[in-house]
Amino acid sequence: MRRLVVGLALLAVAAGTALLIAPGASSTTKAAAVVTPPMGHRCATPGQDYLCTDLQDWLSKDTVQGGTPNGTVPWTGPYLGHDEPSALFYSPANGSGNHMSYNITLPTDPSAANPAPPRSYAFELSGAEWLGMAMCDSQSYPEQVSTCPPDSDKNILDPSVSPKHVGQAYMEMQFYPPGWIPWPTWQVAVGASSCSPTQWCAALNIDSLSLNPVTGQANNQGCLNLVGEEYVNFAFVTKKGVSTGPANPVDATTTGTYTPDSTKDLFMNSGDQLKVSFTDTPDGLRVTINDLTTGQSGSMTASPANGFAQIGFDPNGTSCRAIPYAFHPMYAKSTTQTRVTWAAGSYNVAFDTEIGHFQFCNGPVPIPATEFGLDAMGNPTVCPDGDTEGYGPNAGPADSLLAGGDDGFCFPGSEAPTYHVSGCTYTNTGFDGASYEPLWPDGNTTLHPTAFQVSSPKTGPNYTVQYKDVGFETDLPAIESTCDNTTGVGCTLIPTTDEGTPAAFYPFYTSNPSSNGCVWGFGNDLPGQISDFGRNNQYGELLSQEYTQIGGSSAPAILDFRNIIKNPCLQGR
């Protein structure tokens with residue numbers, strides 16, 4: 001999910017969700033929200049930080065801990081959020097920002113027997129892989145312009161020129177790996193996301209932001225309590241293109257919106273080859289997935305008919321209205337200028353792997369079994385005292401979330417239908433979870449999954465036009481406690497763990513041969529690869545971008561590493 005930046009407080013409980021299930025609620029009832037903190041809540045406050053997925057203000061990394069303002073003292077507190085290493089795609093062709101097609105091969109996992117590391121599985125490494133695009137939403141940040149002409153580069157505006165950008169959202173078409181704690185747990189516990197014991201599923205997510213950056217106003221507190229500040233329209237991709245429940249967070253239901261249905265939703269096998277296409281329609285953006293292996297297909301349109309809606313921005317009132325809305329792409333092209341200005345990421349059209357969620361939890365004290373990773377008091381379940389996080393030489397005492405650590409929303413392996421691995425799904429603040437170990441695809445299919453493989457997209461009327469350039473980007477500067485976001489001092493391509501040592505591993509992209517050129521893989525070096533582009537060095541140099549500040553001025557922030565090269569897969573499929 002796209003993280004928030006300068007001056008913003010994210011009030012949703014966890015990345016990828018704006019709703020929580022009330023403790024003890026029946027799965028047949030409407031999803032209810034846990035009360036979220038008021039504007040000004042500091043997300044680095046121990047015992048409260050699980051309510052936020054990122055810092056309120058990168059400029060206040062240090063003031064949260066009592067230092068001096070504006071980044072003059074390096075912040076030493078925990079980060080909140082997750083990593084989003086991304087492959088970005090750029091093209092000057094009309095349609096490259098709203099009309100494209102990808103070829104994808106889904107990963108396969110090792111045997112479920114003896115599932116302890118160094119054996120690893122896709123769900124441990126990434127909560128979701130997704131294909132992204134900038135979208136119009138006239139009720140979303142920055143609430144300065146009430147219209148948003150779809151599919152138009154007239155929407156491009158640098159915050160340093162003016163704060164009057166059209167309203168913006170971000171689309172993530174997410175794929176969820178099989179075999180671990182089943183949906184609808186994802187509503188609360190990021191990383192617990194399996195639709196099936198053996199099959200993948202996919203969902204169309206659109207993230208919007210109820211906040212005015214010029215006035216500093218968020219939506220009214222009642223609406224924040226119900227749907228959060230960064231809220232999500234969500235719908236599984238279905239065989240008939242009809243949502244199984246309202247997509248918007250006001251009307252969404254647990255059993256309809258968030259519970260997979262194998263008779264209606266598109267389920268895909270590990271190893272299947274897919275063609276995934278996006279196009280704008282009068283009813284909204286439509287994604288179509290054709291499973292080339294099985295011959296099945298599915299789709300989802302971001303339309304009012306499927307329950308997609310804006311949340312009315314009413315900061316001085318009490319309403320929380322779902323306004324039926326057809327979400328359309330914001331831009332005609334995908335260039336370095338077609339960004340979502342409330343996101344740390346710099347991009348429009350992109351492929352992303354969400355990492356930094358899963359942490360192993362093992363020991364003599366069992367994790368209590370719960371439906372949503374919340375105990376009877378509504379607090380996140382934790383890795384119990386006496387158990388250890390991590391594995392092997394990196395195993396150590398558990399870091400309880402409620403004691404200021406990061407081991408929260410934990411589940412016993414006995415709850416998983418296939419891979420009986422005990423673990424925690426909160427954002428991994430110590431850069432020492434599964435994502436930061438050499439457990440990624442490396443060709444050893446006995447121990448590790450195969451890579452999620454995605455082609456460079458093609459645009460044009462018949463999806464025949466290649467994207468000219470590709471970029472590699474990671475938002476590490478936004479979440480590293482050592483990083484000064486005004487100067488870049490302390491920002492590193494290998495993050496520092498909570499033990500003060502470099503992470504054991506940080507994953508990267510490779511280009512790999514295919515029948516038509518090359519495809520992108522993510523993880524580690526792979527047998528027969530064309531290039532790994534310098535491994536972690538592929539992410540390039542620090543990137544400074546302008547962000548709107550309260551009052552309407554702008555300020556630069558360093559929240560990413562980015563490197564743009566000519567697309568080496570220009571002849572790819």
# chains A, B, ... in the order shown; residues from 1 in each chain; ligands from 1
$ select_by_dssp --residues "region 289-530 of chain A" --states "alpha helix (DSSP H)" --output "VMD selection string"
chain A and resid 476 to 479
$ residues_around --residues "Pro527 (chain A)" --least-positions-apart "6" --cutoff "12 Å" --atoms "only C-alpha atoms" --output "ChimeraX atom specification"
/A:441-445,450-451,510-513,521
$ closest_atom_pairs --of "region 374-439 of chain A" --to "region 95-110 of chain A" --cutoff "12 Å" --atoms "only C-alpha atoms" --output "Markdown table"
| residue | atom | partner | partner_atom | distance |
| --- | --- | --- | --- | --- |
| A:Thr418 | CA | A:Asp109 | CA | 11.0 |
| A:Tyr419 | CA | A:Asp109 | CA | 10.0 |
| A:Leu439 | CA | A:Pro110 | CA | 11.8 |
$ atom_distance --atom1 "CA of Ser86 (chain A)" --atom2 "CA of Gly540 (chain A)"
12.4 Å
$ select_by_dssp --residues "region 331-470 of chain A" --states "strand (DSSP E or B)" --output "ChimeraX atom specification"
/A:334,350-355,359-362,374,380,382,388-389,396-397,400,407-408,410-411,423-424,453-454,458-459,465-466,469-470
$ write_last_selection --atoms "N, CA, C and O atoms" --output "short mmCIF file (atom, residue, chain, number, x, y, z; two decimals), in the first residue's frame"
data_model
loop_
_atom_site.label_atom_id
_atom_site.label_comp_id
_atom_site.auth_asym_id
_atom_site.auth_seq_id
_atom_site.Cartn_x
_atom_site.Cartn_y
_atom_site.Cartn_z
N SER A 334 2.90 7.32 -18.43
CA SER A 334 3.64 6.99 -17.21
C SER A 334 5.04 7.55 -17.35
O SER A 334 5.88 7.01 -18.09
N ALA A 350 3.71 0.52 -12.00
CA ALA A 350 4.78 -0.16 -11.29
C ALA A 350 4.37 -1.57 -10.90
O ALA A 350 3.18 -1.88 -10.80
N PHE A 351 5.38 -2.41 -10.68
CA PHE A 351 5.21 -3.71 -10.03
C PHE A 351 5.91 -3.63 -8.69
O PHE A 351 7.01 -3.09 -8.59
N ASP A 352 5.28 -4.18 -7.65
CA ASP A 352 5.79 -4.01 -6.30
C ASP A 352 5.66 -5.31 -5.52
O ASP A 352 4.70 -6.06 -5.70
N THR A 353 6.62 -5.55 -4.64
CA THR A 353 6.54 -6.66 -3.70
C THR A 353 6.55 -6.09 -2.29
O THR A 353 7.52 -5.44 -1.89
N GLU A 354 5.47 -6.29 -1.54
CA GLU A 354 5.39 -5.79 -0.16
C GLU A 354 6.13 -6.75 0.76
O GLU A 354 5.74 -7.90 0.92
N ILE A 355 7.19 -6.26 1.35
CA ILE A 355 8.00 -7.10 2.23
C ILE A 355 8.03 -6.49 3.63
O ILE A 355 7.54 -5.39 3.86
N GLN A 359 7.47 -12.48 10.69
CA GLN A 359 8.55 -12.84 11.60
C GLN A 359 8.23 -14.21 12.21
O GLN A 359 7.09 -14.46 12.64
N PHE A 360 9.21 -15.10 12.23
CA PHE A 360 9.03 -16.41 12.86
C PHE A 360 8.87 -16.24 14.38
O PHE A 360 9.48 -15.37 14.99
N CYS A 361 8.06 -17.10 14.98
CA CYS A 361 7.88 -17.13 16.43
C CYS A 361 7.80 -18.59 16.85
O CYS A 361 6.87 -19.30 16.48
N ASN A 362 8.78 -19.03 17.63
CA ASN A 362 8.84 -20.44 18.04
C ASN A 362 9.28 -20.55 19.49
O ASN A 362 9.98 -19.68 20.01
N LEU A 374 -6.31 -10.87 17.34
CA LEU A 374 -6.65 -9.97 18.43
C LEU A 374 -7.14 -10.79 19.61
O LEU A 374 -7.93 -11.73 19.45
N PRO A 380 -3.51 -6.82 19.94
CA PRO A 380 -2.90 -7.80 19.05
C PRO A 380 -2.27 -8.95 19.84
O PRO A 380 -1.67 -8.74 20.90
N VAL A 382 0.65 -11.58 20.56
CA VAL A 382 2.09 -11.34 20.45
C VAL A 382 2.84 -12.66 20.51
O VAL A 382 2.28 -13.71 20.87
N THR A 388 11.09 -17.34 20.94
CA THR A 388 12.10 -16.58 20.21
C THR A 388 11.55 -16.15 18.85
O THR A 388 10.73 -16.83 18.24
N GLU A 389 12.02 -15.00 18.38
CA GLU A 389 11.74 -14.56 17.02
C GLU A 389 12.93 -14.94 16.14
O GLU A 389 14.03 -15.19 16.63
N GLY A 396 16.38 -14.76 18.54
CA GLY A 396 16.58 -14.02 19.77
C GLY A 396 15.28 -13.88 20.52
O GLY A 396 14.22 -14.34 20.06
N PRO A 397 15.30 -13.24 21.67
CA PRO A 397 14.08 -13.07 22.45
C PRO A 397 12.99 -12.36 21.65
O PRO A 397 13.27 -11.46 20.86
N SER A 400 7.78 -8.17 22.02
CA SER A 400 6.34 -8.01 22.14
C SER A 400 5.91 -6.64 21.63
O SER A 400 6.45 -5.61 22.04
N ASP A 407 6.67 -7.76 17.35
CA ASP A 407 6.06 -9.08 17.18
C ASP A 407 4.60 -9.01 17.60
O ASP A 407 4.26 -9.17 18.78
N GLY A 408 3.73 -8.76 16.65
CA GLY A 408 2.31 -8.64 16.93
C GLY A 408 1.47 -9.24 15.83
O GLY A 408 1.96 -9.53 14.73
N CYS A 410 0.06 -12.29 15.87
CA CYS A 410 0.75 -13.58 15.72
C CYS A 410 -0.26 -14.73 15.67
O CYS A 410 -1.33 -14.66 16.29
N PHE A 411 0.12 -15.78 14.97
CA PHE A 411 -0.76 -16.94 14.79
C PHE A 411 0.04 -18.22 14.95
O PHE A 411 1.19 -18.31 14.48
N GLY A 423 4.01 -17.63 13.36
CA GLY A 423 4.67 -16.36 13.08
C GLY A 423 3.79 -15.16 13.34
O GLY A 423 2.60 -15.28 13.65
N CYS A 424 4.39 -13.98 13.19
CA CYS A 424 3.75 -12.70 13.45
C CYS A 424 3.74 -11.88 12.17
O CYS A 424 4.68 -11.97 11.37
N GLN A 453 7.39 -13.97 -11.40
CA GLN A 453 7.94 -13.43 -12.62
C GLN A 453 6.91 -12.57 -13.34
O GLN A 453 5.76 -12.98 -13.52
N VAL A 454 7.31 -11.37 -13.73
CA VAL A 454 6.41 -10.45 -14.41
C VAL A 454 7.15 -9.82 -15.58
O VAL A 454 8.32 -9.44 -15.47
N LYS A 458 3.14 -3.88 -21.76
CA LYS A 458 2.98 -3.33 -23.10
C LYS A 458 1.70 -2.52 -23.14
O LYS A 458 0.70 -2.87 -22.50
N THR A 459 1.73 -1.42 -23.90
CA THR A 459 0.58 -0.55 -24.04
C THR A 459 0.17 -0.51 -25.51
O THR A 459 0.58 -1.36 -26.30
N VAL A 465 2.98 -2.08 -27.69
CA VAL A 465 4.00 -1.04 -27.56
C VAL A 465 4.75 -1.22 -26.25
O VAL A 465 4.16 -1.21 -25.16
N GLN A 466 6.08 -1.38 -26.35
CA GLN A 466 6.92 -1.59 -25.18
C GLN A 466 7.13 -0.28 -24.40
O GLN A 466 7.10 0.81 -24.97
N ASP A 469 11.63 2.76 -20.67
CA ASP A 469 12.57 2.75 -19.55
C ASP A 469 11.99 1.96 -18.38
O ASP A 469 10.77 1.80 -18.24
N VAL A 470 12.90 1.48 -17.53
CA VAL A 470 12.51 0.78 -16.31
C VAL A 470 13.29 1.39 -15.15
O VAL A 470 14.43 1.84 -15.32
#
$ residues_around --residues "region 258-268 of chain A" --least-positions-apart "6" --cutoff "8 Å" --atoms "only C-alpha atoms" --output "PyMOL selection string"
chain A and resi 183-184+187+195+199-202+235-240+244-245+252+291+296-298
$ write_last_selection --atoms "all heavy atoms" --output "compact mmCIF listing (two decimals), in the first residue's frame"
# COMPACT_ATOMS: atom_id res chain seq x y z
N TRP A 183 -7.98 -15.64 4.69
CA TRP A 183 -8.86 -14.49 4.73
C TRP A 183 -10.10 -14.87 5.52
O TRP A 183 -10.49 -16.05 5.52
CB TRP A 183 -9.27 -14.11 3.31
CG TRP A 183 -8.31 -13.26 2.57
CD1 TRP A 183 -7.25 -13.68 1.81
CD2 TRP A 183 -8.31 -11.83 2.50
NE1 TRP A 183 -6.61 -12.60 1.28
CE2 TRP A 183 -7.23 -11.46 1.67
CE3 TRP A 183 -9.13 -10.84 3.04
CZ2 TRP A 183 -6.94 -10.13 1.40
CZ3 TRP A 183 -8.84 -9.52 2.76
CH2 TRP A 183 -7.75 -9.17 1.94
N PRO A 184 -10.77 -13.88 6.19
CA PRO A 184 -10.57 -12.43 6.08
C PRO A 184 -9.59 -11.84 7.08
O PRO A 184 -9.70 -10.66 7.43
CB PRO A 184 -11.98 -11.89 6.32
CG PRO A 184 -12.56 -12.85 7.30
CD PRO A 184 -12.02 -14.20 6.91
N GLN A 187 -7.84 -8.24 6.95
CA GLN A 187 -8.44 -6.99 7.39
C GLN A 187 -7.71 -6.40 8.59
O GLN A 187 -7.71 -5.20 8.79
CB GLN A 187 -9.90 -7.22 7.80
CG GLN A 187 -10.84 -7.45 6.63
CD GLN A 187 -12.22 -7.72 7.13
OE1 GLN A 187 -12.62 -8.85 7.20
NE2 GLN A 187 -12.95 -6.68 7.49
N CYS A 195 -6.16 -17.19 0.41
CA CYS A 195 -7.53 -17.49 0.02
C CYS A 195 -7.82 -18.98 0.03
O CYS A 195 -8.97 -19.39 0.10
CB CYS A 195 -7.81 -16.96 -1.38
SG CYS A 195 -7.98 -15.17 -1.48
N GLN A 199 -4.13 -22.51 -3.60
CA GLN A 199 -4.27 -21.65 -4.77
C GLN A 199 -4.14 -20.18 -4.42
O GLN A 199 -4.42 -19.75 -3.30
CB GLN A 199 -5.64 -21.90 -5.44
CG GLN A 199 -5.76 -23.29 -6.06
CD GLN A 199 -7.09 -23.45 -6.75
OE1 GLN A 199 -8.14 -23.43 -6.11
NE2 GLN A 199 -7.07 -23.59 -8.07
N TRP A 200 -3.71 -19.40 -5.44
CA TRP A 200 -3.61 -17.96 -5.33
C TRP A 200 -4.96 -17.32 -5.65
O TRP A 200 -5.79 -17.89 -6.34
CB TRP A 200 -2.57 -17.43 -6.32
CG TRP A 200 -1.16 -17.81 -6.02
CD1 TRP A 200 -0.60 -19.05 -6.10
CD2 TRP A 200 -0.12 -16.93 -5.62
NE1 TRP A 200 0.73 -19.01 -5.76
CE2 TRP A 200 1.05 -17.72 -5.47
CE3 TRP A 200 -0.04 -15.56 -5.38
CZ2 TRP A 200 2.28 -17.16 -5.06
CZ3 TRP A 200 1.17 -15.01 -4.99
CH2 TRP A 200 2.32 -15.81 -4.83
N CYS A 201 -5.13 -16.09 -5.17
CA CYS A 201 -6.27 -15.26 -5.56
C CYS A 201 -5.76 -13.84 -5.78
O CYS A 201 -4.58 -13.55 -5.56
CB CYS A 201 -7.38 -15.30 -4.51
SG CYS A 201 -6.90 -14.57 -2.92
N ALA A 202 -6.65 -12.96 -6.22
CA ALA A 202 -6.25 -11.59 -6.51
C ALA A 202 -7.39 -10.64 -6.16
O ALA A 202 -8.56 -11.03 -6.14
CB ALA A 202 -5.88 -11.44 -7.98
N ALA A 235 -12.03 -5.32 -3.71
CA ALA A 235 -12.90 -6.35 -4.30
C ALA A 235 -12.04 -7.44 -4.90
O ALA A 235 -11.12 -7.17 -5.68
CB ALA A 235 -13.80 -5.75 -5.37
N PHE A 236 -12.35 -8.70 -4.54
CA PHE A 236 -11.68 -9.82 -5.18
C PHE A 236 -12.00 -9.86 -6.67
O PHE A 236 -13.11 -9.47 -7.10
CB PHE A 236 -12.12 -11.15 -4.55
CG PHE A 236 -11.53 -11.41 -3.19
CD1 PHE A 236 -12.34 -11.43 -2.06
CD2 PHE A 236 -10.17 -11.63 -3.04
CE1 PHE A 236 -11.80 -11.67 -0.80
CE2 PHE A 236 -9.62 -11.87 -1.78
CZ PHE A 236 -10.44 -11.90 -0.67
N VAL A 237 -11.04 -10.31 -7.46
CA VAL A 237 -11.28 -10.57 -8.89
C VAL A 237 -12.16 -11.80 -9.00
O VAL A 237 -11.84 -12.86 -8.47
CB VAL A 237 -9.96 -10.76 -9.64
CG1 VAL A 237 -10.20 -11.18 -11.09
CG2 VAL A 237 -9.12 -9.48 -9.59
N THR A 238 -13.30 -11.67 -9.68
CA THR A 238 -14.27 -12.76 -9.77
C THR A 238 -14.41 -13.25 -11.20
O THR A 238 -14.08 -12.55 -12.17
CB THR A 238 -15.65 -12.32 -9.25
OG1 THR A 238 -16.16 -11.27 -10.08
CG2 THR A 238 -15.56 -11.82 -7.82
N LYS A 239 -14.95 -14.46 -11.33
CA LYS A 239 -15.07 -15.08 -12.65
C LYS A 239 -16.04 -14.33 -13.54
O LYS A 239 -15.88 -14.30 -14.76
CB LYS A 239 -15.52 -16.53 -12.49
CG LYS A 239 -14.52 -17.41 -11.74
CD LYS A 239 -15.09 -18.79 -11.45
CE LYS A 239 -14.16 -19.61 -10.58
NZ LYS A 239 -14.74 -20.93 -10.23
N LYS A 240 -17.05 -13.71 -12.96
CA LYS A 240 -18.04 -12.98 -13.74
C LYS A 240 -17.86 -11.47 -13.68
O LYS A 240 -18.64 -10.72 -14.26
CB LYS A 240 -19.45 -13.35 -13.28
CG LYS A 240 -19.80 -14.81 -13.58
CD LYS A 240 -21.26 -15.10 -13.23
CE LYS A 240 -21.63 -16.54 -13.58
NZ LYS A 240 -23.06 -16.82 -13.25
N THR A 244 -18.40 -9.69 -4.82
CA THR A 244 -19.17 -10.51 -3.89
C THR A 244 -19.66 -9.72 -2.69
O THR A 244 -20.39 -10.25 -1.85
CB THR A 244 -18.33 -11.70 -3.41
OG1 THR A 244 -17.08 -11.21 -2.90
CG2 THR A 244 -18.05 -12.66 -4.56
N GLY A 245 -19.29 -8.46 -2.60
CA GLY A 245 -19.75 -7.55 -1.55
C GLY A 245 -19.36 -6.14 -1.93
O GLY A 245 -18.52 -5.93 -2.80
N ALA A 252 -18.82 -2.28 3.23
CA ALA A 252 -18.21 -3.60 3.09
C ALA A 252 -18.68 -4.54 4.21
O ALA A 252 -18.94 -4.12 5.34
CB ALA A 252 -16.70 -3.47 3.13
N ASP A 291 -6.01 -16.78 -17.19
CA ASP A 291 -5.09 -17.84 -16.78
C ASP A 291 -4.80 -18.69 -18.01
O ASP A 291 -5.65 -19.50 -18.43
CB ASP A 291 -5.72 -18.67 -15.65
CG ASP A 291 -4.72 -19.63 -15.02
OD1 ASP A 291 -3.88 -20.19 -15.75
OD2 ASP A 291 -4.79 -19.84 -13.79
N GLN A 296 -9.12 -20.44 -17.50
CA GLN A 296 -10.09 -19.65 -16.76
C GLN A 296 -9.76 -18.16 -16.86
O GLN A 296 -8.63 -17.77 -17.19
CB GLN A 296 -10.11 -20.05 -15.29
CG GLN A 296 -10.63 -21.44 -15.02
CD GLN A 296 -10.93 -21.63 -13.55
OE1 GLN A 296 -12.05 -21.46 -13.08
NE2 GLN A 296 -9.89 -21.97 -12.79
N SER A 297 -10.72 -17.31 -16.55
CA SER A 297 -10.48 -15.88 -16.54
C SER A 297 -11.35 -15.23 -15.48
O SER A 297 -12.34 -15.80 -15.01
CB SER A 297 -10.78 -15.26 -17.91
OG SER A 297 -12.16 -15.39 -18.23
N GLY A 298 -10.98 -14.01 -15.11
CA GLY A 298 -11.74 -13.23 -14.15
C GLY A 298 -11.49 -11.76 -14.39
O GLY A 298 -10.55 -11.37 -15.10
$ closest_residue --among "A:Val161, A:Ala309, A:Ala398, A:Val276" --to "Gln139 (chain A)" --atoms "only C-alpha atoms"
A:Ala309
$ closest_residue --among "A:Thr198, A:Thr425, A:Asn316, A:Tyr231" --to "Ser111 (chain A)" --atoms "only C-alpha atoms"
A:Thr198
$ residues_around --residues "region 541-552 of chain A" --least-positions-apart "5" --cutoff "6 Å" --atoms "only C-alpha atoms" --output "PyMOL selection string"
chain A and resi 159+163+213-216+557-558+560-562
$ residues_around --residues "Glu172 (chain A)" --least-positions-apart "5" --cutoff "7 Å" --atoms "only C-alpha atoms" --output "list in words"
Trp130, Leu131, Gly132, Met133, Leu204, Asn205 and Ile206 of chain A
$ residues_around --residues "Asn563 (chain A)" --least-positions-apart "3" --cutoff "6 Å" --atoms "only C-alpha atoms" --output "list in words"
Gly471, Phe472, Tyr539 and Gly540 of chain A
$ write_last_selection --atoms "all heavy atoms" --output "PDB file, in the first residue's frame"
ATOM      1  N   GLY A 471      12.682   1.457 -13.996  1.00  0.00           N
ATOM      2  CA  GLY A 471      13.364   1.966 -12.810  1.00  0.00           C
ATOM      3  C   GLY A 471      13.307   0.948 -11.692  1.00  0.00           C
ATOM      4  O   GLY A 471      12.429   0.078 -11.650  1.00  0.00           O
ATOM      5  N   PHE A 472      14.271   1.046 -10.793  1.00  0.00           N
ATOM      6  CA  PHE A 472      14.257   0.253  -9.560  1.00  0.00           C
ATOM      7  C   PHE A 472      14.170   1.236  -8.402  1.00  0.00           C
ATOM      8  O   PHE A 472      14.922   2.211  -8.356  1.00  0.00           O
ATOM      9  CB  PHE A 472      15.530  -0.590  -9.423  1.00  0.00           C
ATOM     10  CG  PHE A 472      15.795  -1.487 -10.607  1.00  0.00           C
ATOM     11  CD1 PHE A 472      16.864  -1.239 -11.452  1.00  0.00           C
ATOM     12  CD2 PHE A 472      14.980  -2.568 -10.883  1.00  0.00           C
ATOM     13  CE1 PHE A 472      17.122  -2.048 -12.539  1.00  0.00           C
ATOM     14  CE2 PHE A 472      15.225  -3.397 -11.966  1.00  0.00           C
ATOM     15  CZ  PHE A 472      16.307  -3.138 -12.805  1.00  0.00           C
ATOM     16  N   TYR A 539      19.227  -0.119  -6.857  1.00  0.00           N
ATOM     17  CA  TYR A 539      18.262   0.896  -6.420  1.00  0.00           C
ATOM     18  C   TYR A 539      18.797   2.318  -6.551  1.00  0.00           C
ATOM     19  O   TYR A 539      18.035   3.278  -6.388  1.00  0.00           O
ATOM     20  CB  TYR A 539      17.826   0.605  -4.985  1.00  0.00           C
ATOM     21  CG  TYR A 539      17.086  -0.700  -4.849  1.00  0.00           C
ATOM     22  CD1 TYR A 539      17.628  -1.772  -4.134  1.00  0.00           C
ATOM     23  CD2 TYR A 539      15.849  -0.888  -5.451  1.00  0.00           C
ATOM     24  CE1 TYR A 539      16.956  -2.977  -4.011  1.00  0.00           C
ATOM     25  CE2 TYR A 539      15.164  -2.095  -5.336  1.00  0.00           C
ATOM     26  CZ  TYR A 539      15.727  -3.138  -4.618  1.00  0.00           C
ATOM     27  OH  TYR A 539      15.060  -4.330  -4.503  1.00  0.00           O
ATOM     28  N   GLY A 540      20.084   2.454  -6.829  1.00  0.00           N
ATOM     29  CA  GLY A 540      20.614   3.738  -7.249  1.00  0.00           C
ATOM     30  C   GLY A 540      20.839   4.748  -6.149  1.00  0.00           C
ATOM     31  O   GLY A 540      21.250   4.409  -5.036  1.00  0.00           O
TER      32      GLY A 540
END
$ decode --residues "region 490-503 of chain A" --atoms "N, CA and C atoms" --output "CSV table (one decimal), in the first residue's frame"
chain,number,residue,atom,x,y,z
A,490,GLY,N,22.9,8.8,6.7
A,490,GLY,CA,22.4,7.6,7.4
A,490,GLY,C,21.4,6.8,6.6
A,491,CYS,N,21.1,7.1,5.4
A,491,CYS,CA,20.2,6.3,4.5
A,491,CYS,C,21.1,5.3,3.8
A,492,THR,N,20.7,4.0,4.0
A,492,THR,CA,21.5,2.9,3.4
A,492,THR,C,20.7,2.0,2.6
A,493,LEU,N,21.4,1.3,1.7
A,493,LEU,CA,20.8,0.3,0.8
A,493,LEU,C,20.7,-1.0,1.5
A,494,ILE,N,21.4,-1.3,2.6
A,494,ILE,CA,21.2,-2.4,3.4
A,494,ILE,C,20.8,-1.9,4.8
A,495,PRO,N,19.6,-2.0,5.2
A,495,PRO,CA,19.1,-1.4,6.4
A,495,PRO,C,19.7,-2.0,7.7
A,496,THR,N,19.6,-1.2,8.8
A,496,THR,CA,20.2,-1.6,10.0
A,496,THR,C,19.1,-2.3,10.9
A,497,THR,N,19.5,-3.4,11.5
A,497,THR,CA,18.5,-4.1,12.4
A,497,THR,C,18.4,-3.4,13.7
A,498,ASP,N,17.5,-3.9,14.5
A,498,ASP,CA,17.3,-3.4,15.9
A,498,ASP,C,18.5,-3.8,16.8
A,499,GLU,N,19.4,-4.6,16.3
A,499,GLU,CA,20.6,-4.9,17.1
A,499,GLU,C,21.8,-4.0,16.7
A,500,GLY,N,21.5,-3.1,15.7
A,500,GLY,CA,22.6,-2.2,15.3
A,500,GLY,C,23.5,-2.8,14.2
A,501,THR,N,23.2,-3.9,13.6
A,501,THR,CA,24.0,-4.5,12.6
A,501,THR,C,23.3,-4.5,11.3
A,502,PRO,N,24.0,-4.6,10.1
A,502,PRO,CA,23.3,-4.6,8.8
A,502,PRO,C,22.4,-5.8,8.7
A,503,ALA,N,21.3,-5.7,8.0
A,503,ALA,CA,20.4,-6.8,7.8
A,503,ALA,C,21.1,-7.9,7.1
